[in-house]
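See below for the structure under consideration.
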Amino acid sequence: MNNELSLYVHIPFCVRKCLYCDFLSFGDKESLMDEYFKALSKELKESAGDYRDREVKTVFFGGGTPSLPNAVYICNILADIKENYILSKDAEISLELNPGTASFDKMRSYRDAGFNRLSIGIQSFNDEELKRLGRIHDSKTAVITYEDAVRAGFDNINIDIMSALPGQSVESYTDTLNKAVKLGPEHISAYSLIIEEGTPFFDMDLDLPGEDADRDMYHKTAKILNEYGYHRYEISNYAKDGFDCRHNKVYWKRGNYLGLGLGAASLVDNVRFSNTRDMAEYISLSKDGIKIDREELSVRAQTEEFMFLGLRLTEGIRTDDFNREFGKTVFDVYDEVIDKYLMMSLLELRDKDMNITCDKKKAAYLRLSERGFDVCNTVMADFLL
Ligand code: SF4
């Protein structure tokens with residue numbers, strides 16, 4: 001058991017719902033903000049007692065649109081965290097921010113309160129594409145927001161961009177990539193749009209890019225971002241050296257994290273639990289009343305998750321970590337499937353210096369090859385026991 005902890009804080013308010021969004025967020029509940037933040041503060045204080053011996057290494061305010069509420073709400077929650085948890089001196093403290101909701105002054109307040117990383121949901125620099133997504137901002141606002149964030153003192157900024165959008169061509173996506181690198185953020189998350197059931201997009205007749213265009217965009221992402229000094233460290237995430245998102249790595253490496261706020265999920269010492277997704281319940285109940293779906297993970301589920309999440313990282317899984325966690329080697333459990341994909345050159349073994357090796361005894365890392373990343377879903381599915 002390690003004594004490190006990450007905190008995720010969910011802020012479920014948005015100006016309005018984007019057409020592709022299936023996150024737990026609302027465009028019509030601003031009137032509940034005051035009560036929500038009171039409940040959030042209460043939850044985090046009530047929970048703190050269970051984590052007295054843990055050092056909080058990362059904090060992430062996500063949503064929703066955490067930059068929508070008055071900055072005082074957000075800064076007060078961070079102050080509550082500092083007061084009630086052991087926050088590491090060098091903690092990474094991130095906030096998700098959407099253009100059109102954050103002024104320079106707001107960003108100064110976040111910086112003064114202790115936030116040291118921003119994640120800006122730009123998505124595209126093409127105004128037509130942004131409109132089709134139902135986003136509230138245009139490309140000009142996106143650039144101003146980014147520049148304000150830098151002026152406000154942030155030197156660790158992520159921007160999100162999306163590919164495979166309705167009406168998007170390879171050229172317009174390339175233009176978005178070029179504009180993103182020109183701004184020069186420390187981190188870029190490049191996601192491909194997934195049409196989720198229950199969203200307005202699911203029922204719309206959309207002009208989506210074909211498979212070839214989709215592939216092309218995917219390859220352009222790696223090519224252009226590499227050229228500009230961003231290394232890929234996860235399927236959809238790229239960073240300049242030293243700027244990998246520490247918080248997200250906790251998820252992929254199955255570290256301990258506590259979710260605070262509506263619907264927030266947690267994993268602590270191999271026990272999963274979530275908070276209710278019902279706003280009225282969240283606001284009215286105490287900590288123990290809102291925790292639902294508690295599940296102690298079996299060794300089998302832990303092993304599958306370890307592989308599934310770890311293979312998302314370009315470094316792959318560390319064989320030593322597997323040994324430590326499960327008391328046997330990854331080859332004891334997965335020898336057949338590993339051999340199959342080694343033969344197909346979709347997986348590879350690397351020694352401690354990251355040199356390729358065929359010797360399983362020397363393998364410090366097991367990871368997807370460049371080609372393996374292209375078909376990662378198929379490979380990963382084979383790691384289900
Ligand atoms: S801003 Fe983000 S969370 Fe809010 S509706 Fe749009 S996609 Fe969903």
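Letters A, B, ... go to the chains of the structure tokens in the order shown; residues in each chain start at 1; ligands are counted from 1 in the same order.
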* Using only C-alpha atoms and all ligand atoms, what are the residues with an atom within 8 Å of ligand 1, set out as a list in words? ->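 The neighbouring residues of ligand 1 are, in order, Pro12, Phe13, Cys14, Val15, Arg16, Lys17, Cys18, Leu19, Tyr20, Cys21, Asp22, Phe23, Leu24, Ser25, Phe26, Gly27, Gly63, Gly64, Thr65, Asn98, Gly121, Gly134 and Arg135 of chain A.
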List every residue of range 150-224 of chain A that has an atom at most 8 Å from any atom of range 229-247 of chain A, giving for each one its closest atom pair and the distance in Å to one decimal, counting only C-alpha atoms, sorted by chain and then by ascending residue number, as a tab-separated table.
residue	atom	partner	partner_atom	distance
A:Asn156	CA	A:Phe243	CA	7.2
A:Glu186	CA	A:Lys240	CA	5.4
A:His187	CA	A:Ala239	CA	4.2
A:Ile188	CA	A:Tyr238	CA	5.2
A:Ser189	CA	A:Asn237	CA	4.6
A:Ala190	CA	A:Ser236	CA	5.2
A:Tyr191	CA	A:Ser236	CA	5.8
A:Ala222	CA	A:Arg232	CA	7.3
* **Selection: 10 Å around Ser192 in chain A, only C-alpha atoms, excl. self and same-chain fewer than 2 positions, as a PyMOL selection string** => chain A and resi 161-165+189-190+194-195+214+217-218+236
* Asked: Near range 351-359 of chain A, counting only C-alpha atoms, which residues have an atom at most 10 Å away, once you skip same-chain residues fewer than 4 positions from it, shown as a list in words?
  -> Glu315, Arg318, Leu342, Ala363, Ala364, Tyr365 and Leu366 of chain A
* range 157-194 of chain A: which residues are strand (DSSP E or B) by DSSP, as a ChimeraX atom specification? -> /A:157-163,187-192
* To do: For CA of Glu370 in chain A and CA of Glu211 in chain A, quote the distance in Å rounded to one decimal.
  =>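 One can read the CA of Glu370 in chain A to CA of Glu211 in chain A distance as 18.9 Å.
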* **Test item, helix (DSSP H, G or I) assignment across range 19-174 of chain A, answer as a PyMOL selection string** => chain A and resi 30-51+71-84+104-113+127-133+139-151+170-174
Can you check which parts of range 235-287 of chain A lie within 9 Å of range 32-51 of chain A? Per residue, the shortest pair of atoms and distance in Å to one decimal, counting only C-alpha atoms, sorted by chain and number, as JSON lines.
{"residue": "A:Leu260", "atom": "CA", "partner": "A:Leu44", "partner_atom": "CA", "distance": 6.6}
{"residue": "A:Gly261", "atom": "CA", "partner": "A:Leu40", "partner_atom": "CA", "distance": 5.7}
{"residue": "A:Leu262", "atom": "CA", "partner": "A:Leu40", "partner_atom": "CA", "distance": 8.4}
{"residue": "A:Met279", "atom": "CA", "partner": "A:Tyr36", "partner_atom": "CA", "distance": 8.2}
{"residue": "A:Tyr282", "atom": "CA", "partner": "A:Ala39", "partner_atom": "CA", "distance": 7.2}
{"residue": "A:Ile283", "atom": "CA", "partner": "A:Ala39", "partner_atom": "CA", "distance": 5.3}
{"residue": "A:Ser284", "atom": "CA", "partner": "A:Ala39", "partner_atom": "CA", "distance": 7.6}
{"residue": "A:Leu285", "atom": "CA", "partner": "A:Ala39", "partner_atom": "CA", "distance": 8.4}
{"residue": "A:Ser286", "atom": "CA", "partner": "A:Glu43", "partner_atom": "CA", "distance": 6.9}
{"residue": "A:Lys287", "atom": "CA", "partner": "A:Glu43", "partner_atom": "CA", "distance": 5.4}
Kindly save the residues from that selection, with N, CA and C atoms included, as a PDB file, in the first residue's frame.
ATOM      1  N   LEU A 260     -13.954  13.742  -5.519  1.00  0.00           N
ATOM      2  CA  LEU A 260     -14.858  14.565  -4.709  1.00  0.00           C
ATOM      3  C   LEU A 260     -15.837  15.265  -5.643  1.00  0.00           C
ATOM      4  N   GLY A 261     -17.084  15.371  -5.220  1.00  0.00           N
ATOM      5  CA  GLY A 261     -18.065  16.045  -6.064  1.00  0.00           C
ATOM      6  C   GLY A 261     -18.986  15.054  -6.756  1.00  0.00           C
ATOM      7  N   LEU A 262     -19.970  15.610  -7.422  1.00  0.00           N
ATOM      8  CA  LEU A 262     -21.016  14.803  -8.054  1.00  0.00           C
ATOM      9  C   LEU A 262     -20.435  13.751  -9.003  1.00  0.00           C
ATOM     10  N   MET A 279     -27.958  15.085  -8.374  1.00  0.00           N
ATOM     11  CA  MET A 279     -27.589  16.372  -7.766  1.00  0.00           C
ATOM     12  C   MET A 279     -28.305  16.606  -6.436  1.00  0.00           C
ATOM     13  N   TYR A 282     -26.777  14.486  -3.828  1.00  0.00           N
ATOM     14  CA  TYR A 282     -25.424  14.940  -3.500  1.00  0.00           C
ATOM     15  C   TYR A 282     -25.467  16.130  -2.547  1.00  0.00           C
ATOM     16  N   ILE A 283     -26.371  17.042  -2.833  1.00  0.00           N
ATOM     17  CA  ILE A 283     -26.442  18.254  -2.020  1.00  0.00           C
ATOM     18  C   ILE A 283     -26.987  17.967  -0.618  1.00  0.00           C
ATOM     19  N   SER A 284     -27.902  16.990  -0.504  1.00  0.00           N
ATOM     20  CA  SER A 284     -28.578  16.834   0.787  1.00  0.00           C
ATOM     21  C   SER A 284     -27.932  15.800   1.709  1.00  0.00           C
ATOM     22  N   LEU A 285     -27.157  14.829   1.133  1.00  0.00           N
ATOM     23  CA  LEU A 285     -26.650  13.768   1.998  1.00  0.00           C
ATOM     24  C   LEU A 285     -25.242  14.058   2.508  1.00  0.00           C
ATOM     25  N   SER A 286     -24.819  13.254   3.503  1.00  0.00           N
ATOM     26  CA  SER A 286     -23.456  13.414   3.993  1.00  0.00           C
ATOM     27  C   SER A 286     -22.551  12.435   3.252  1.00  0.00           C
ATOM     28  N   LYS A 287     -21.272  12.488   3.541  1.00  0.00           N
ATOM     29  CA  LYS A 287     -20.266  11.704   2.823  1.00  0.00           C
ATOM     30  C   LYS A 287     -20.669  10.242   2.618  1.00  0.00           C
TER      31      LYS A 287
END
